[in-house]
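**Student:** The structure that follows is given in the form of structure tokens.
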Amino acid sequence: AVVSTQSTGADRMLDMGFKGDMEFFARHSQMPSCEQRQTLLFSATLPEEVQRIATDFLKKQYLFIAVGIIGAAESNVKQIIEEVDGQAKMGRVKDLLRELGRTSKVLIFVKTKKSADFLSSLLSQATGRERER
């Protein structure tokens with residue numbers, strides 16, 4: 001049987017100090033050793049320092065695949081970074097989405113799953129009201 005562990009956003013987990021938590025699961029008595037399991041780490045960015053830490057969870061002979069330039073934005077992606085006060089964030093997100101139009105593809109980063117669920121719910125409600133008009 002192949003046992004597989006996967007982590008999306010692995011670089012942030014390691015960078016934010018979750019190495020101990022990842023080690024706890026990776027070294028759990030019911031978890032096969034690095035050499036006996038398949039470990040997949042997915043990340044949009046993976047700085048060298050975090051790559052070195054990640055080797056603790058990988059086989060000695062691991063495969064590293066990079067698409068594009070590590071740490072650089074894709075040339076056809078427009079990044080908008082704005083600092084907005086807490087109370088004004090939702091209004092600004094709605095304004096930006098209106099400005100970009102319905103055919104634009106948008107990726108919004110938030111800090112927690114709870115924030116993502118809240119934002120998703122509010123935007124779904126707003127989209128539903130616009131369709132009813």
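We label chains A, B, ... in the order they appear in the structure tokens, count residues from 1 in each chain, and number ligands from 1 in the order shown.
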Excluding A:Lys94 and residues on its chain fewer than 6 positions from it, collect all residues at most 12 Å away from it, counting only C-alpha atoms, and give them as a ChimeraX atom specification.
**Tutor:** /A:88,100-102,106,108,119-120,122-127,130
**Student:** If DSSP is run on the backbone, what residues of stretch 2-58 of chain A are alpha helix (DSSP H)? A reply as an mmCIF file with N, CA, C and O atoms, in the first residue's frame would be ideal.
**Tutor:**
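Output saved as part26.cif:
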```cif
data_model
loop_
_atom_site.group_PDB
_atom_site.id
_atom_site.type_symbol
_atom_site.label_atom_id
_atom_site.label_comp_id
_atom_site.auth_asym_id
_atom_site.auth_seq_id
_atom_site.Cartn_x
_atom_site.Cartn_y
_atom_site.Cartn_z
ATOM 1 N N ALA A 10 2.744 24.592 1.880
ATOM 2 C CA ALA A 10 3.770 24.052 2.773
ATOM 3 C C ALA A 10 4.791 25.108 3.170
ATOM 4 O O ALA A 10 5.251 25.133 4.313
ATOM 5 N N ASP A 11 5.129 25.987 2.246
ATOM 6 C CA ASP A 11 6.127 27.014 2.559
ATOM 7 C C ASP A 11 5.645 27.923 3.682
ATOM 8 O O ASP A 11 6.375 28.242 4.598
ATOM 9 N N ARG A 12 4.368 28.299 3.651
ATOM 10 C CA ARG A 12 3.839 29.180 4.689
ATOM 11 C C ARG A 12 3.770 28.452 6.032
ATOM 12 O O ARG A 12 4.046 29.037 7.071
ATOM 13 N N MET A 13 3.390 27.168 5.985
ATOM 14 C CA MET A 13 3.308 26.402 7.233
ATOM 15 C C MET A 13 4.677 26.333 7.902
ATOM 16 O O MET A 13 4.806 26.530 9.109
ATOM 17 N N LEU A 14 5.708 26.064 7.107
ATOM 18 C CA LEU A 14 7.056 25.975 7.668
ATOM 19 C C LEU A 14 7.559 27.358 8.083
ATOM 20 O O LEU A 14 8.151 27.524 9.139
ATOM 21 N N ASP A 15 7.293 28.365 7.248
ATOM 22 C CA ASP A 15 7.741 29.722 7.504
ATOM 23 C C ASP A 15 7.090 30.303 8.767
ATOM 24 O O ASP A 15 7.695 31.076 9.492
ATOM 25 N N LYS A 19 6.680 23.829 11.837
ATOM 26 C CA LYS A 19 7.538 22.671 11.592
ATOM 27 C C LYS A 19 7.323 21.601 12.663
ATOM 28 O O LYS A 19 7.213 20.418 12.356
ATOM 29 N N GLY A 20 7.226 22.009 13.910
ATOM 30 C CA GLY A 20 7.014 21.057 15.000
ATOM 31 C C GLY A 20 5.728 20.263 14.824
ATOM 32 O O GLY A 20 5.693 19.050 15.049
ATOM 33 N N ASP A 21 4.673 20.940 14.381
ATOM 34 C CA ASP A 21 3.398 20.255 14.164
ATOM 35 C C ASP A 21 3.501 19.281 12.994
ATOM 36 O O ASP A 21 2.980 18.163 13.058
ATOM 37 N N MET A 22 4.184 19.710 11.934
ATOM 38 C CA MET A 22 4.360 18.828 10.780
ATOM 39 C C MET A 22 5.215 17.621 11.176
ATOM 40 O O MET A 22 4.942 16.496 10.754
ATOM 41 N N GLU A 23 6.236 17.849 12.004
ATOM 42 C CA GLU A 23 7.083 16.745 12.476
ATOM 43 C C GLU A 23 6.272 15.768 13.319
ATOM 44 O O GLU A 23 6.459 14.556 13.224
ATOM 45 N N PHE A 24 5.375 16.288 14.154
ATOM 46 C CA PHE A 24 4.544 15.428 14.995
ATOM 47 C C PHE A 24 3.784 14.415 14.129
ATOM 48 O O PHE A 24 3.770 13.228 14.417
ATOM 49 N N PHE A 25 3.150 14.902 13.064
ATOM 50 C CA PHE A 25 2.385 13.999 12.197
ATOM 51 C C PHE A 25 3.300 13.104 11.368
ATOM 52 O O PHE A 25 3.030 11.914 11.193
ATOM 53 N N ALA A 26 4.390 13.670 10.864
ATOM 54 C CA ALA A 26 5.301 12.890 10.016
ATOM 55 C C ALA A 26 5.986 11.775 10.805
ATOM 56 O O ALA A 26 6.309 10.734 10.243
ATOM 57 N N GLU A 48 14.641 29.046 -0.716
ATOM 58 C CA GLU A 48 15.673 28.045 -0.433
ATOM 59 C C GLU A 48 15.708 27.632 1.031
ATOM 60 O O GLU A 48 15.866 26.453 1.348
ATOM 61 N N GLU A 49 15.557 28.580 1.944
ATOM 62 C CA GLU A 49 15.599 28.263 3.376
ATOM 63 C C GLU A 49 14.470 27.281 3.731
ATOM 64 O O GLU A 49 14.675 26.316 4.459
ATOM 65 N N VAL A 50 13.286 27.508 3.192
ATOM 66 C CA VAL A 50 12.149 26.632 3.467
ATOM 67 C C VAL A 50 12.351 25.287 2.768
ATOM 68 O O VAL A 50 11.997 24.236 3.309
ATOM 69 N N GLN A 51 12.988 25.288 1.594
ATOM 70 C CA GLN A 51 13.305 24.023 0.913
ATOM 71 C C GLN A 51 14.198 23.162 1.792
ATOM 72 O O GLN A 51 14.008 21.948 1.882
ATOM 73 N N ARG A 52 15.185 23.797 2.441
ATOM 74 C CA ARG A 52 16.090 23.041 3.321
ATOM 75 C C ARG A 52 15.325 22.415 4.488
ATOM 76 O O ARG A 52 15.549 21.264 4.856
ATOM 77 N N ILE A 53 14.401 23.163 5.080
ATOM 78 C CA ILE A 53 13.594 22.633 6.177
ATOM 79 C C ILE A 53 12.720 21.485 5.676
ATOM 80 O O ILE A 53 12.563 20.458 6.339
ATOM 81 N N ALA A 54 12.163 21.645 4.474
ATOM 82 C CA ALA A 54 11.252 20.639 3.904
ATOM 83 C C ALA A 54 11.942 19.297 3.679
ATOM 84 O O ALA A 54 11.284 18.253 3.701
#
```
**Student:** What is the atom CA of A:Thr45 to atom CA of A:Gly68 distance in Å?
**Tutor:**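 Atom CA of A:Gly68 lies 10.3 Å from atom CA of A:Thr45.
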**Student:** In terms of the shortest atom-to-atom distance over only C-alpha atoms, which of A:Leu107, A:Ala116, A:Ala44, A:Ile65 is closest to A:Lys78?
**Tutor:**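 Using only C-alpha atoms, the shortest distance to A:Lys78 belongs to A:Leu107.
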**Student:** Could you write out, as a PDB file with C-alpha atoms, in the first residue's frame, all the residues of chain A that DSSP marks as strand (DSSP E)?
**Tutor:**
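Generated output (out-v8.pdb):
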```pdb
ATOM      1  CA  VAL A   3       0.777   6.003   1.932  1.00  0.00           C
ATOM      2  CA  SER A   4       0.683   9.589   0.762  1.00  0.00           C
ATOM      3  CA  THR A   5       0.932  12.833   2.729  1.00  0.00           C
ATOM      4  CA  GLN A   6       0.172  16.128   1.040  1.00  0.00           C
ATOM      5  CA  SER A   7       0.503  19.736   2.073  1.00  0.00           C
ATOM      6  CA  THR A   8      -0.669  22.769   0.147  1.00  0.00           C
ATOM      7  CA  ARG A  37       5.663   7.035   2.018  1.00  0.00           C
ATOM      8  CA  GLN A  38       4.988   9.511  -0.743  1.00  0.00           C
ATOM      9  CA  THR A  39       5.146  13.108   0.473  1.00  0.00           C
ATOM     10  CA  LEU A  40       3.896  15.906  -1.747  1.00  0.00           C
ATOM     11  CA  LEU A  41       4.479  19.581  -0.896  1.00  0.00           C
ATOM     12  CA  PHE A  42       2.714  22.156  -3.064  1.00  0.00           C
TER      13      PHE A  42
END
```
**Student:** Check the smallest atom-to-atom distance from each of A:Asp56, A:Thr112, A:Leu96, A:Gly17 to A:Ile81 using only C-alpha atoms, then report the winner.
**Tutor:**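 Counting only C-alpha atoms, the residue closest to A:Ile81 is A:Leu96.
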**Student:** Quick one: pull the distance between atom CA of A:Glu35 and atom CA of A:Phe57, Å, one decimal.
**Tutor:**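 Result for atom CA of A:Glu35 versus atom CA of A:Phe57: 9.5 Å, one decimal.
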